[in-house]
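structure.txt follows (compact mmCIF, C-alpha atoms (C1' of nucleotides)):
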# COMPACT_ATOMS: atom_id res chain seq x y z
CA MET A 1 0.00 0.00 0.00
CA LEU A 2 2.82 2.37 0.89
CA GLU A 3 4.67 0.99 -2.08
CA ALA A 4 1.77 1.66 -4.42
CA ALA A 5 1.49 5.21 -3.16
CA ALA A 6 5.23 5.73 -3.45
CA ARG A 7 5.33 4.49 -7.02
CA LEU A 8 2.50 6.77 -8.11
CA PHE A 9 3.74 9.81 -6.20
CA ALA A 10 7.17 9.30 -7.76
CA GLN A 11 5.80 8.85 -11.26
CA ARG A 12 3.08 11.47 -11.42
CA GLY A 13 3.64 13.75 -8.47
CA TYR A 14 1.51 14.32 -5.40
CA ALA A 15 -1.32 16.46 -6.75
CA ALA A 16 -1.72 14.40 -9.92
CA THR A 17 -2.17 11.19 -7.95
CA SER A 18 -5.65 10.52 -6.61
CA MET A 19 -6.58 8.38 -3.66
CA ARG A 20 -8.55 6.27 -6.12
CA ASP A 21 -5.39 5.66 -8.17
CA ILE A 22 -3.54 4.54 -5.09
CA ALA A 23 -6.39 2.35 -3.92
CA GLN A 24 -6.60 0.62 -7.28
CA ALA A 25 -2.84 0.05 -7.39
CA ALA A 26 -3.10 -1.50 -3.93
CA SER A 27 -6.13 -3.59 -4.90
CA MET A 28 -8.39 -1.84 -2.47
CA LEU A 29 -11.30 0.55 -2.45
CA PRO A 30 -10.67 4.26 -1.93
CA GLY A 31 -12.41 4.40 1.42
CA SER A 32 -10.31 1.58 2.81
CA LEU A 33 -7.20 3.71 2.70
CA TYR A 34 -8.67 5.90 5.40
CA TYR A 35 -8.53 3.12 7.92
CA HIS A 36 -4.74 3.41 7.79
CA PHE A 37 -4.27 7.10 7.05
CA ALA A 38 -6.48 9.94 8.13
CA ALA A 39 -5.68 12.02 5.06
CA LYS A 40 -3.79 12.01 1.79
CA GLU A 41 -1.16 14.21 3.37
CA ASP A 42 -0.50 11.68 6.09
CA LEU A 43 0.02 9.05 3.46
CA LEU A 44 2.59 11.27 1.78
CA ALA A 45 4.31 11.89 5.10
CA ALA A 46 4.57 8.15 5.67
CA VAL A 47 6.07 7.64 2.22
CA TYR A 48 8.47 10.51 2.83
CA GLU A 49 9.56 8.99 6.10
CA ALA A 50 10.22 5.64 4.47
CA GLY A 51 12.17 7.41 1.73
CA VAL A 52 14.43 9.21 4.17
CA ARG A 53 14.98 5.97 6.02
CA ASP A 54 15.94 4.18 2.79
CA ILE A 55 18.40 6.80 1.62
CA VAL A 56 20.00 7.54 4.97
CA ALA A 57 20.33 3.88 5.84
CA ALA A 58 21.92 3.00 2.52
CA ALA A 59 24.28 5.96 2.44
CA GLN A 60 25.28 5.67 6.07
CA ALA A 61 25.93 1.95 5.89
CA ALA A 62 28.07 2.43 2.79
CA ALA A 63 30.05 5.28 4.33
CA GLU A 64 30.76 3.30 7.47
CA ARG A 65 32.58 0.66 5.48
CA GLN A 66 35.24 3.23 4.54
CA THR A 67 37.72 5.23 6.56
CA ASP A 68 39.20 7.80 4.17
CA PRO A 69 36.90 10.87 4.01
CA TRP A 70 36.80 10.88 0.21
CA ASP A 71 36.09 7.17 0.09
CA ARG A 72 33.33 7.63 2.64
CA LEU A 73 31.68 10.34 0.58
CA GLU A 74 32.02 8.36 -2.62
CA ALA A 75 30.51 5.26 -1.05
CA ALA A 76 27.61 7.30 0.28
CA CYS A 77 26.97 8.89 -3.11
CA VAL A 78 27.06 5.55 -4.89
CA ALA A 79 24.59 4.09 -2.41
CA HIS A 80 22.46 7.21 -2.62
CA LEU A 81 22.23 7.06 -6.40
CA GLU A 82 21.62 3.34 -6.51
CA THR A 83 18.82 3.71 -4.00
CA VAL A 84 17.19 6.61 -5.79
CA LEU A 85 17.53 5.30 -9.33
CA ARG A 86 16.96 1.64 -8.81
CA ARG A 87 15.88 0.32 -5.51
CA SER A 88 13.41 2.57 -3.83
CA ASP A 89 10.24 4.23 -5.07
CA THR A 90 9.90 5.95 -1.73
CA ALA A 91 13.33 7.53 -2.16
CA GLN A 92 12.28 8.99 -5.49
CA VAL A 93 9.40 10.77 -3.82
CA LEU A 94 11.91 12.77 -1.80
CA ILE A 95 13.23 14.23 -5.03
CA ARG A 96 9.98 14.52 -6.89
CA VAL A 97 7.72 15.97 -4.22
CA LEU A 98 8.85 19.05 -2.35
CA PRO A 99 7.61 20.08 1.09
CA GLU A 100 6.20 23.39 -0.13
CA GLN A 101 3.82 21.50 -2.39
CA VAL A 102 1.95 20.27 0.65
CA PRO A 103 1.74 23.25 3.01
CA ALA A 104 -0.14 21.39 5.70
CA ALA A 105 2.65 18.82 6.07
CA ALA A 106 5.56 21.03 5.02
CA ALA A 107 7.08 21.34 8.48
CA ARG A 108 7.20 17.59 9.02
CA LEU A 109 8.55 16.92 5.54
CA LYS A 110 11.27 19.53 5.89
CA GLN A 111 12.33 18.00 9.16
CA LEU A 112 12.65 14.62 7.47
CA ARG A 113 14.66 16.08 4.59
CA ALA A 114 17.01 17.78 7.03
CA GLU A 115 17.86 14.39 8.47
CA TYR A 116 19.41 13.27 5.23
CA GLU A 117 21.02 16.60 4.43
CA ASP A 118 22.79 16.47 7.77
CA LEU A 119 24.41 13.23 6.77
CA TYR A 120 26.03 14.92 3.79
CA ARG A 121 26.94 17.97 5.81
CA ALA A 122 28.97 15.71 8.06
CA LEU A 123 30.60 13.83 5.20
CA VAL A 124 31.62 17.04 3.46
CA ALA A 125 32.84 18.59 6.69
CA ALA A 126 35.33 15.75 7.05
CA LEU A 127 36.90 16.32 3.63
CA PRO A 128 40.42 17.76 3.42
CA LEU A 129 39.38 20.60 1.13
CA ALA A 130 41.49 23.56 0.08
CA ALA A 131 40.82 26.63 2.18
CA ASP A 132 39.16 28.58 -0.63
CA VAL A 133 36.51 25.94 -1.29
CA ASP A 134 33.07 26.71 0.08
CA ARG A 135 31.78 23.51 1.63
CA ARG A 136 28.17 24.53 1.43
CA THR A 137 28.40 25.14 -2.30
CA PHE A 138 30.28 21.88 -2.65
CA ARG A 139 27.54 19.96 -0.87
CA LEU A 140 24.64 21.62 -2.65
CA MET A 141 26.30 21.16 -5.99
CA LEU A 142 26.91 17.49 -5.37
CA LEU A 143 23.40 16.82 -4.12
CA GLY A 144 21.92 18.81 -6.99
CA ALA A 145 23.88 16.89 -9.58
CA LEU A 146 23.03 13.55 -7.95
CA ASN A 147 19.33 14.22 -7.54
CA TRP A 148 18.98 15.70 -11.00
CA THR A 149 19.98 12.37 -12.48
CA ARG A 150 16.44 11.28 -11.85
CA PHE A 151 15.39 13.40 -14.80
CA TRP A 152 17.75 11.99 -17.38
CA TYR A 153 18.85 8.56 -16.16
CA ARG A 154 17.60 5.64 -18.21
CA GLU A 155 17.87 2.04 -17.10
CA SER A 156 18.62 1.07 -20.67
CA GLY A 157 21.69 3.31 -20.81
CA ALA A 158 25.22 2.00 -20.59
CA ASP A 159 26.10 3.75 -17.33
CA THR A 160 25.15 2.33 -13.99
CA PRO A 161 24.32 4.57 -11.04
CA ARG A 162 27.60 3.49 -9.49
CA VAL A 163 29.62 4.65 -12.50
CA ILE A 164 27.74 7.93 -12.71
CA ALA A 165 28.26 8.73 -9.04
CA ARG A 166 31.96 7.97 -9.22
CA ARG A 167 32.46 10.03 -12.33
CA MET A 168 30.72 12.99 -10.77
CA LEU A 169 32.73 12.80 -7.60
CA ARG A 170 35.96 12.58 -9.53
CA MET A 171 35.14 15.85 -11.29
CA LEU A 172 34.49 17.61 -8.03
CA ARG A 173 37.43 16.07 -6.23
CA ALA A 174 40.20 17.45 -8.39
CA ARG A 175 40.93 21.07 -7.53
CA SER A 176 38.77 21.06 -4.43
CA ASP A 177 41.18 18.73 -2.70
CA THR A 178 44.04 20.03 -0.60
CA ALA A 179 47.45 20.57 -2.18
CA ARG A 180 48.84 17.67 -0.20
CA SER A 181 46.48 15.07 -1.57
CA MET A 182 46.77 16.67 -5.01
CA GLU A 183 50.48 15.96 -4.91
CA LYS A 184 49.88 12.43 -3.81
CA ARG A 185 47.46 11.68 -6.60
CA HIS A 186 49.59 13.35 -9.23
CA GLY A 187 52.55 11.22 -8.26
CA MET B 188 -2.30 36.16 -18.17
CA LEU B 189 0.70 34.06 -19.23
CA GLU B 190 2.57 35.63 -16.35
CA ALA B 191 -0.12 34.69 -13.87
CA ALA B 192 -0.12 31.12 -15.12
CA ALA B 193 3.66 30.97 -15.04
CA ARG B 194 3.83 32.23 -11.49
CA LEU B 195 1.30 29.69 -10.26
CA PHE B 196 2.73 26.77 -12.23
CA ALA B 197 6.17 27.62 -10.85
CA GLN B 198 4.95 27.94 -7.29
CA ARG B 199 2.51 25.07 -6.99
CA GLY B 200 3.16 22.85 -9.98
CA TYR B 201 0.92 22.06 -12.92
CA ALA B 202 -1.61 19.66 -11.43
CA ALA B 203 -2.05 21.68 -8.25
CA THR B 204 -2.92 24.82 -10.16
CA SER B 205 -6.51 25.13 -11.33
CA MET B 206 -7.80 27.17 -14.21
CA ARG B 207 -9.83 29.08 -11.65
CA ASP B 208 -6.66 30.00 -9.77
CA ILE B 209 -5.09 31.30 -12.95
CA ALA B 210 -8.21 33.20 -13.95
CA GLN B 211 -8.39 34.90 -10.57
CA ALA B 212 -4.71 35.84 -10.67
CA ALA B 213 -5.30 37.33 -14.11
CA SER B 214 -8.47 39.13 -12.95
CA MET B 215 -10.69 37.16 -15.27
CA LEU B 216 -13.35 34.50 -15.15
CA PRO B 217 -12.37 30.88 -15.72
CA GLY B 218 -14.26 30.56 -18.97
CA SER B 219 -12.54 33.57 -20.48
CA LEU B 220 -9.22 31.76 -20.52
CA TYR B 221 -10.59 29.43 -23.15
CA TYR B 222 -10.88 32.21 -25.66
CA HIS B 223 -7.06 32.29 -25.75
CA PHE B 224 -6.18 28.66 -25.03
CA ALA B 225 -8.17 25.61 -26.01
CA ALA B 226 -7.01 23.63 -22.97
CA LYS B 227 -4.94 23.83 -19.82
CA GLU B 228 -2.19 21.89 -21.55
CA ASP B 229 -1.94 24.48 -24.29
CA LEU B 230 -1.54 27.17 -21.67
CA LEU B 231 1.33 25.21 -20.14
CA ALA B 232 2.92 24.74 -23.55
CA ALA B 233 2.78 28.50 -24.12
CA VAL B 234 4.40 29.16 -20.74
CA TYR B 235 7.03 26.53 -21.49
CA GLU B 236 7.80 28.15 -24.81
CA ALA B 237 8.21 31.55 -23.20
CA GLY B 238 10.46 29.99 -20.57
CA VAL B 239 12.76 28.41 -23.12
CA ARG B 240 12.90 31.69 -24.99
CA ASP B 241 13.84 33.57 -21.81
CA ILE B 242 16.61 31.20 -20.78
CA VAL B 243 18.10 30.61 -24.20
CA ALA B 244 18.03 34.30 -25.09
CA ALA B 245 19.69 35.34 -21.84
CA ALA B 246 22.34 32.61 -21.90
CA GLN B 247 23.11 32.99 -25.57
CA ALA B 248 23.41 36.76 -25.42
CA ALA B 249 25.73 36.49 -22.44
CA ALA B 250 27.89 33.86 -24.08
CA GLU B 251 28.25 35.89 -27.25
CA ARG B 252 29.89 38.71 -25.35
CA GLN B 253 32.84 36.42 -24.56
CA THR B 254 35.40 34.67 -26.71
CA ASP B 255 37.24 32.25 -24.41
CA PRO B 256 35.28 28.98 -24.16
CA TRP B 257 35.37 28.95 -20.35
CA ASP B 258 34.31 32.57 -20.17
CA ARG B 259 31.48 31.85 -22.57
CA LEU B 260 30.20 28.98 -20.45
CA GLU B 261 30.52 30.99 -17.26
CA ALA B 262 28.65 33.93 -18.74
CA ALA B 263 25.88 31.62 -19.92
CA CYS B 264 25.59 29.97 -16.51
CA VAL B 265 25.43 33.31 -14.73
CA ALA B 266 22.71 34.52 -17.07
CA HIS B 267 20.90 31.20 -16.76
CA LEU B 268 20.86 31.33 -12.99
CA GLU B 269 19.89 34.98 -12.82
CA THR B 270 17.01 34.32 -15.17
CA VAL B 271 15.77 31.29 -13.33
CA LEU B 272 16.16 32.62 -9.80
CA ARG B 273 15.21 36.22 -10.26
CA ARG B 274 13.84 37.43 -13.51
CA SER B 275 11.50 34.95 -15.06
CA ASP B 276 8.57 32.99 -13.67
CA THR B 277 8.24 31.23 -16.98
CA ALA B 278 11.83 30.00 -16.75
CA GLN B 279 11.11 28.43 -13.37
CA VAL B 280 8.33 26.38 -14.88
CA LEU B 281 10.91 24.63 -17.05
CA ILE B 282 12.54 23.33 -13.91
CA ARG B 283 9.44 22.71 -11.88
CA VAL B 284 7.19 21.03 -14.43
CA LEU B 285 8.51 18.08 -16.37
CA PRO B 286 7.22 16.94 -19.75
CA GLU B 287 6.20 13.51 -18.48
CA GLN B 288 3.77 15.15 -16.09
CA VAL B 289 1.61 16.19 -19.03
CA PRO B 290 1.59 13.21 -21.38
CA ALA B 291 -0.58 14.87 -23.99
CA ALA B 292 1.92 17.69 -24.48
CA ALA B 293 5.06 15.78 -23.59
CA ALA B 294 6.42 15.63 -27.11
CA ARG B 295 6.16 19.36 -27.65
CA LEU B 296 7.62 20.16 -24.23
CA LYS B 297 10.56 17.83 -24.74
CA GLN B 298 11.28 19.47 -28.06
CA LEU B 299 11.37 22.85 -26.36
CA ARG B 300 13.66 21.61 -23.61
CA ALA B 301 16.03 20.15 -26.17
CA GLU B 302 16.46 23.60 -27.63
CA TYR B 303 18.04 24.85 -24.47
CA GLU B 304 20.02 21.72 -23.77
CA ASP B 305 21.59 22.01 -27.20
CA LEU B 306 22.95 25.40 -26.25
CA TYR B 307 24.89 23.87 -23.37
CA ARG B 308 25.98 20.93 -25.44
CA ALA B 309 27.65 23.38 -27.80
CA LEU B 310 29.23 25.41 -25.02
CA VAL B 311 30.66 22.31 -23.35
CA ALA B 312 31.85 20.89 -26.65
CA ALA B 313 34.03 23.97 -27.12
CA LEU B 314 35.83 23.55 -23.80
CA PRO B 315 39.47 22.45 -23.78
CA LEU B 316 38.85 19.53 -21.46
CA ALA B 317 41.28 16.80 -20.53
CA ALA B 318 40.81 13.68 -22.61
CA ASP B 319 39.51 11.58 -19.73
CA VAL B 320 36.63 13.94 -18.91
CA ASP B 321 33.23 12.82 -20.09
CA ARG B 322 31.55 15.89 -21.56
CA ARG B 323 28.06 14.52 -21.17
CA THR B 324 28.53 13.94 -17.48
CA PHE B 325 30.11 17.36 -17.20
CA ARG B 326 27.11 19.02 -18.82
CA LEU B 327 24.48 17.07 -16.90
CA MET B 328 26.28 17.70 -13.66
CA LEU B 329 26.48 21.42 -14.29
CA LEU B 330 22.85 21.73 -15.34
CA GLY B 331 21.74 19.60 -12.43
CA ALA B 332 23.63 21.72 -9.94
CA LEU B 333 22.38 24.94 -11.50
CA ASN B 334 18.75 23.92 -11.71
CA TRP B 335 18.72 22.42 -8.24
CA THR B 336 19.46 25.84 -6.80
CA ARG B 337 15.80 26.57 -7.25
CA PHE B 338 15.13 24.36 -4.26
CA TRP B 339 17.47 26.00 -1.80
CA TYR B 340 18.16 29.51 -3.08
CA ARG B 341 16.74 32.31 -0.94
CA GLU B 342 16.60 35.92 -2.07
CA SER B 343 17.42 36.99 1.44
CA GLY B 344 20.69 35.06 1.44
CA ALA B 345 24.07 36.68 1.05
CA ASP B 346 24.94 35.03 -2.26
CA THR B 347 23.69 36.35 -5.55
CA PRO B 348 22.94 34.03 -8.45
CA ARG B 349 26.02 35.42 -10.17
CA VAL B 350 28.29 34.47 -7.27
CA ILE B 351 26.75 31.02 -7.00
CA ALA B 352 27.17 30.28 -10.68
CA ARG B 353 30.79 31.39 -10.69
CA ARG B 354 31.63 29.38 -7.61
CA MET B 355 30.12 26.26 -9.09
CA LEU B 356 31.92 26.66 -12.36
CA ARG B 357 35.21 27.18 -10.59
CA MET B 358 34.80 23.86 -8.80
CA LEU B 359 34.17 22.04 -12.03
CA ARG B 360 36.86 23.87 -13.97
CA ALA B 361 39.87 22.76 -11.99
CA ARG B 362 40.95 19.25 -12.92
CA SER B 363 38.61 19.02 -15.88
CA ASP B 364 40.67 21.61 -17.72
CA THR B 365 43.54 20.60 -19.96
CA ALA B 366 47.05 20.51 -18.58
CA ARG B 367 47.99 23.50 -20.70
CA SER B 368 45.45 25.86 -19.22
CA MET B 369 46.10 24.39 -15.77
CA GLU B 370 49.71 25.47 -16.11
CA LYS B 371 48.66 28.91 -17.26
CA ARG B 372 46.34 29.44 -14.34
CA HIS B 373 48.79 28.10 -11.84
CA GLY B 374 51.45 30.54 -13.04
C1' DT C 375 -15.71 -22.53 18.42
C1' DT C 376 -16.76 -18.07 19.56
C1' DG C 377 -16.44 -13.20 20.11
C1' DA C 378 -14.15 -8.99 19.66
C1' DA C 379 -10.95 -6.23 17.15
C1' DA C 380 -8.94 -5.19 12.70
C1' DA C 381 -9.58 -4.47 7.99
C1' DA C 382 -12.00 -3.87 3.90
C1' DC C 383 -16.40 -3.01 1.33
C1' DA C 384 -20.31 -0.33 -0.66
C1' DA C 385 -22.20 3.85 -1.35
C1' DA C 386 -22.50 8.30 -1.11
C1' DC C 387 -21.44 13.43 0.53
C1' DG C 388 -20.20 18.19 -0.89
C1' DA C 389 -16.50 20.50 -3.24
C1' DT C 390 -13.82 21.36 -7.00
C1' DC C 391 -12.08 20.10 -11.44
C1' DG C 392 -11.56 21.23 -16.80
C1' DT C 393 -14.54 22.75 -20.06
C1' DT C 394 -18.69 24.44 -22.87
C1' DT C 395 -22.37 27.42 -24.19
C1' DG C 396 -24.93 31.61 -25.05
C1' DC C 397 -24.93 36.32 -24.23
C1' DT C 398 -22.87 40.94 -23.33
C1' DT C 399 -19.24 44.22 -23.39
C1' DT C 400 -15.22 46.36 -25.47
C1' DA C 401 -12.28 47.67 -29.12
C1' DT C 402 -11.46 48.89 -33.92
C1' DA C 403 -11.83 49.73 -38.94
C1' DG C 404 -14.57 51.98 -42.58
C1' DC D 405 -21.32 56.94 -36.17
C1' DT D 406 -21.71 52.25 -37.07
C1' DA D 407 -20.85 47.49 -38.14
C1' DT D 408 -17.90 43.71 -37.09
C1' DA D 409 -14.77 41.10 -34.66
C1' DA D 410 -12.29 40.33 -30.43
C1' DA D 411 -12.62 39.64 -25.62
C1' DG D 412 -14.89 38.78 -21.41
C1' DC D 413 -19.02 37.57 -18.52
C1' DA D 414 -22.49 34.44 -16.41
C1' DA D 415 -23.92 30.08 -15.67
C1' DA D 416 -23.76 25.63 -15.93
C1' DC D 417 -22.25 20.65 -17.66
C1' DG D 418 -20.48 16.04 -16.30
C1' DA D 419 -16.44 14.10 -14.16
C1' DT D 420 -13.51 13.52 -10.54
C1' DC D 421 -11.69 14.96 -6.18
C1' DG D 422 -10.77 13.91 -0.87
C1' DT D 423 -13.40 12.12 2.53
C1' DT D 424 -17.23 10.03 5.56
C1' DT D 425 -20.55 6.73 7.10
C1' DG D 426 -22.59 2.32 8.03
C1' DT D 427 -22.09 -2.40 7.15
C1' DT D 428 -19.75 -6.65 6.10
C1' DT D 429 -15.82 -9.59 5.97
C1' DT D 430 -11.50 -11.24 7.84
C1' DT D 431 -8.27 -12.28 11.51
C1' DC D 432 -6.99 -14.35 15.65
C1' DA D 433 -6.71 -14.95 20.70
C1' DA D 434 -9.43 -17.28 24.43

Could you spell out this file's structure in structure tokens?
Amino acid sequence: MLEAAARLFAQRGYAATSMRDIAQAASMLPGSLYYHFAAKEDLLAAVYEAGVRDIVAAAQAAAERQTDPWDRLEAACVAHLETVLRRSDTAQVLIRVLPEQVPAAAARLKQLRAEYEDLYRALVAALPLAADVDRRTFRLMLLGALNWTRFWYRESGADTPRVIARRMLRMLRARSDTARSMEKRHG
Amino acid sequence: MLEAAARLFAQRGYAATSMRDIAQAASMLPGSLYYHFAAKEDLLAAVYEAGVRDIVAAAQAAAERQTDPWDRLEAACVAHLETVLRRSDTAQVLIRVLPEQVPAAAARLKQLRAEYEDLYRALVAALPLAADVDRRTFRLMLLGALNWTRFWYRESGADTPRVIARRMLRMLRARSDTARSMEKRHG
DNA sequence: TTGAAAAACAAACGATCGTTTGCTTTATAG
DNA sequence: CTATAAAGCAAACGATCGTTTGTTTTTCAA
């Protein structure tokens, strides 16, 4: 039921998905949904919560398997992209549906989003970046590029989410890195 | 009237905006809209077209004032971001509303989007990039980062669109550049 | 096996949706 | 000034929306 809602919210958006659509996808009648959720907004909030859980869990688990700050970030990004593009419909809703679109639940949704943004704030904070690199811009740029893939990624394409994430991180890593690690990588 | 529609589509999305909302914002009655547009989808297509025109015109004009490939791209990105974040409601619709959300008009909308993606394809093609840099990833990453700003940019913040665009481009420029221009910049 | 709680059904409520129709107002060319 | 076309008004159409209500089915512990 949550899965059906997530799939439709991710595909069509929140407003364009009716409770009847969701009910049909879940093989139920519209009214039955209201035994589990008091309103459409609550259903969205539940999907959102599951989405945050999916992404944060995947990214965090991947990061924890690494020790080097750059490796940790890369692992998190790979997991993030694989989750969003392949594994989880609920995760896609995080990208597709924005809190402001549902004013009544905006506060709760923003709080949930913050949970996963904090993860990246921490990962970026640990990077040995050159002094003139703005970490906020770095983080927002990375997340923007990653999340935007949802709009052009095709399963049929040659590139896997893993390859895409790594390629993106390599582009950002270059000059942003400290001189010391630059030296090391350049031999 | 187009402006009213653009503002609402950008703020709330396509499905969440009713013809009555648009009519009220344009100080008209709902039925009157249909003298100018046969359907809601046609109204969106018109807004989309104006949005593409705004972005492409601004970016192209800015790029033409420069000769160096990197300067041309930077100028285009600055103009792009200023248009999207400040000047044009219609431009925001391009980012907010995706073709797949309106199946009946998807083909036309995709065609319009392609027009502005081609501009960036050309700008990126002209860059003196290192051989191991994938230009497609470069372009998609840049556009993703730029367009994602719509979701976190605040007018009240300290950074102007111009500053944001330049900072982002500087991060991407570093290692992606050829060795020759690296040398030049590093003295 | 029975009885109560959980879950789903069946049917409808008022509200709002995109759109249409017929008439009136406004603008403009001769 | 007047005729004609462009633009907008007023009112409503059927469809669909989120949601509610009362009843029936299913589940499962005692």

Exercise for the section: Point out the residue among A:Ala38, A:Ala6, A:Leu29, A:Leu123 with the least atom-to-atom distance to chain C, counting only C-alpha atoms (C1' of nucleotides). Expected result: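 Selected residue with least distance to chain C: A:Leu29.
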
Residue hits in chain B, query chain A, radius 9 Å, only C-alpha atoms, as a PDB file with C-alpha atoms, in the frame of the given file:
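The result, written out as out15.pdb:
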ATOM      1  CA  GLN B 198       4.950  27.940  -7.290  1.00  0.00           C
ATOM      2  CA  ARG B 199       2.510  25.070  -6.990  1.00  0.00           C
ATOM      3  CA  GLY B 200       3.160  22.850  -9.980  1.00  0.00           C
ATOM      4  CA  TYR B 201       0.920  22.060 -12.920  1.00  0.00           C
ATOM      5  CA  ALA B 202      -1.610  19.660 -11.430  1.00  0.00           C
ATOM      6  CA  ALA B 203      -2.050  21.680  -8.250  1.00  0.00           C
ATOM      7  CA  LEU B 285       8.510  18.080 -16.370  1.00  0.00           C
ATOM      8  CA  GLU B 287       6.200  13.510 -18.480  1.00  0.00           C
ATOM      9  CA  GLN B 288       3.770  15.150 -16.090  1.00  0.00           C
ATOM     10  CA  VAL B 320      36.630  13.940 -18.910  1.00  0.00           C
ATOM     11  CA  ASP B 321      33.230  12.820 -20.090  1.00  0.00           C
ATOM     12  CA  THR B 324      28.530  13.940 -17.480  1.00  0.00           C
ATOM     13  CA  PHE B 325      30.110  17.360 -17.200  1.00  0.00           C
ATOM     14  CA  LEU B 327      24.480  17.070 -16.900  1.00  0.00           C
ATOM     15  CA  MET B 328      26.280  17.700 -13.660  1.00  0.00           C
ATOM     16  CA  LEU B 329      26.480  21.420 -14.290  1.00  0.00           C
ATOM     17  CA  LEU B 330      22.850  21.730 -15.340  1.00  0.00           C
ATOM     18  CA  GLY B 331      21.740  19.600 -12.430  1.00  0.00           C
ATOM     19  CA  ALA B 332      23.630  21.720  -9.940  1.00  0.00           C
ATOM     20  CA  LEU B 333      22.380  24.940 -11.500  1.00  0.00           C
ATOM     21  CA  ASN B 334      18.750  23.920 -11.710  1.00  0.00           C
ATOM     22  CA  TRP B 335      18.720  22.420  -8.240  1.00  0.00           C
ATOM     23  CA  THR B 336      19.460  25.840  -6.800  1.00  0.00           C
ATOM     24  CA  PHE B 338      15.130  24.360  -4.260  1.00  0.00           C
ATOM     25  CA  TRP B 339      17.470  26.000  -1.800  1.00  0.00           C
ATOM     26  CA  ILE B 351      26.750  31.020  -7.000  1.00  0.00           C
ATOM     27  CA  ARG B 354      31.630  29.380  -7.610  1.00  0.00           C
ATOM     28  CA  MET B 355      30.120  26.260  -9.090  1.00  0.00           C
ATOM     29  CA  ARG B 357      35.210  27.180 -10.590  1.00  0.00           C
ATOM     30  CA  MET B 358      34.800  23.860  -8.800  1.00  0.00           C
ATOM     31  CA  LEU B 359      34.170  22.040 -12.030  1.00  0.00           C
ATOM     32  CA  ARG B 360      36.860  23.870 -13.970  1.00  0.00           C
ATOM     33  CA  ALA B 361      39.870  22.760 -11.990  1.00  0.00           C
ATOM     34  CA  ARG B 362      40.950  19.250 -12.920  1.00  0.00           C
ATOM     35  CA  SER B 363      38.610  19.020 -15.880  1.00  0.00           C
TER      36      SER B 363
END

Exercise for the section: Tell me, in Å to one decimal, how far CA of Ala5 (chain A) is from CA of Pro290 (chain B). Expected result: 19.9 Å

Neighbour list for Ala23 (chain A) as a PDB file with C-alpha atoms (C1' of nucleotides), keeping the file's coordinate frame, cut-off 12 Å, all atoms listed in the file, skip fewer than 5 positions in-chain:
ATOM      1  CA  MET A   1       0.000   0.000   0.000  1.00  0.00           C
ATOM      2  CA  LEU A   2       2.820   2.370   0.890  1.00  0.00           C
ATOM      3  CA  GLU A   3       4.670   0.990  -2.080  1.00  0.00           C
ATOM      4  CA  ALA A   4       1.770   1.660  -4.420  1.00  0.00           C
ATOM      5  CA  ALA A   5       1.490   5.210  -3.160  1.00  0.00           C
ATOM      6  CA  LEU A   8       2.500   6.770  -8.110  1.00  0.00           C
ATOM      7  CA  THR A  17      -2.170  11.190  -7.950  1.00  0.00           C
ATOM      8  CA  SER A  18      -5.650  10.520  -6.610  1.00  0.00           C
ATOM      9  CA  MET A  28      -8.390  -1.840  -2.470  1.00  0.00           C
ATOM     10  CA  LEU A  29     -11.300   0.550  -2.450  1.00  0.00           C
ATOM     11  CA  PRO A  30     -10.670   4.260  -1.930  1.00  0.00           C
ATOM     12  CA  GLY A  31     -12.410   4.400   1.420  1.00  0.00           C
ATOM     13  CA  SER A  32     -10.310   1.580   2.810  1.00  0.00           C
ATOM     14  CA  LEU A  33      -7.200   3.710   2.700  1.00  0.00           C
ATOM     15  CA  TYR A  34      -8.670   5.900   5.400  1.00  0.00           C
ATOM     16  CA  HIS A  36      -4.740   3.410   7.790  1.00  0.00           C
ATOM     17  CA  LYS A  40      -3.790  12.010   1.790  1.00  0.00           C
ATOM     18  CA  LEU A  43       0.020   9.050   3.460  1.00  0.00           C
TER      19      LEU A  43
ATOM     20  C1'  DA C 382     -12.000  -3.870   3.900  1.00  0.00           C
TER      21       DA C 382
END

Handout entry: Residue among A:Val124, A:Val163, A:Ala39, A:Gly51 lying closest to Ile95 (chain A), counting only C-alpha atoms
Key =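 Residue with the minimum atom-to-atom distance to Ile95 (chain A): A:Gly51.
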
Handout entry: chain C residues near chain B (10 Å cut-off, only C-alpha atoms (C1' of nucleotides)) as an MDAnalysis selection string
Key = chainID C and resid 390:394

Kindly assemble as a tab-separated table a list of the chain D residues that lie within 10 Å of chain B, each paired with its nearest atom pair and their distance in Å to one decimal, using only C-alpha atoms (C1' of nucleotides), sorted first by chain and then by ascending residue number.
residue	atom	partner	partner_atom	distance
D:DA410	C1'	B:Tyr222	CA	9.5
D:DA411	C1'	B:Tyr222	CA	7.6
D:DG412	C1'	B:Ser219	CA	5.8
D:DC413	C1'	B:Leu216	CA	7.3
D:DA414	C1'	B:Leu216	CA	9.2

Practice task
Measure the distance from C1' of DG396 (chain C) to CA of Ala232 (chain B) in Å and round it to one decimal.
Solution key: 28.7 Å

Handout entry: Atom pair CA of Pro128 (chain A) / CA of Thr67 (chain A): separation (Å)
Key =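 Value for the CA of Pro128 (chain A)-CA of Thr67 (chain A) distance: 13.2 Å.
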
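Closest approach to Ala266 (chain B) among B:Ala248, B:Ala197, B:Ala317, B:Ala237 is made by B:Ala248 (distances from all atoms listed in the file).
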
Problem - Selection near Tyr235 (chain B), 9 Å with only C-alpha atoms (C1' of nucleotides), sequence-local residues under 4 positions removed, as an MDAnalysis selection string - result: chainID B and resid 193 230:231 239:240 277:278 280:281 284 296 299:300
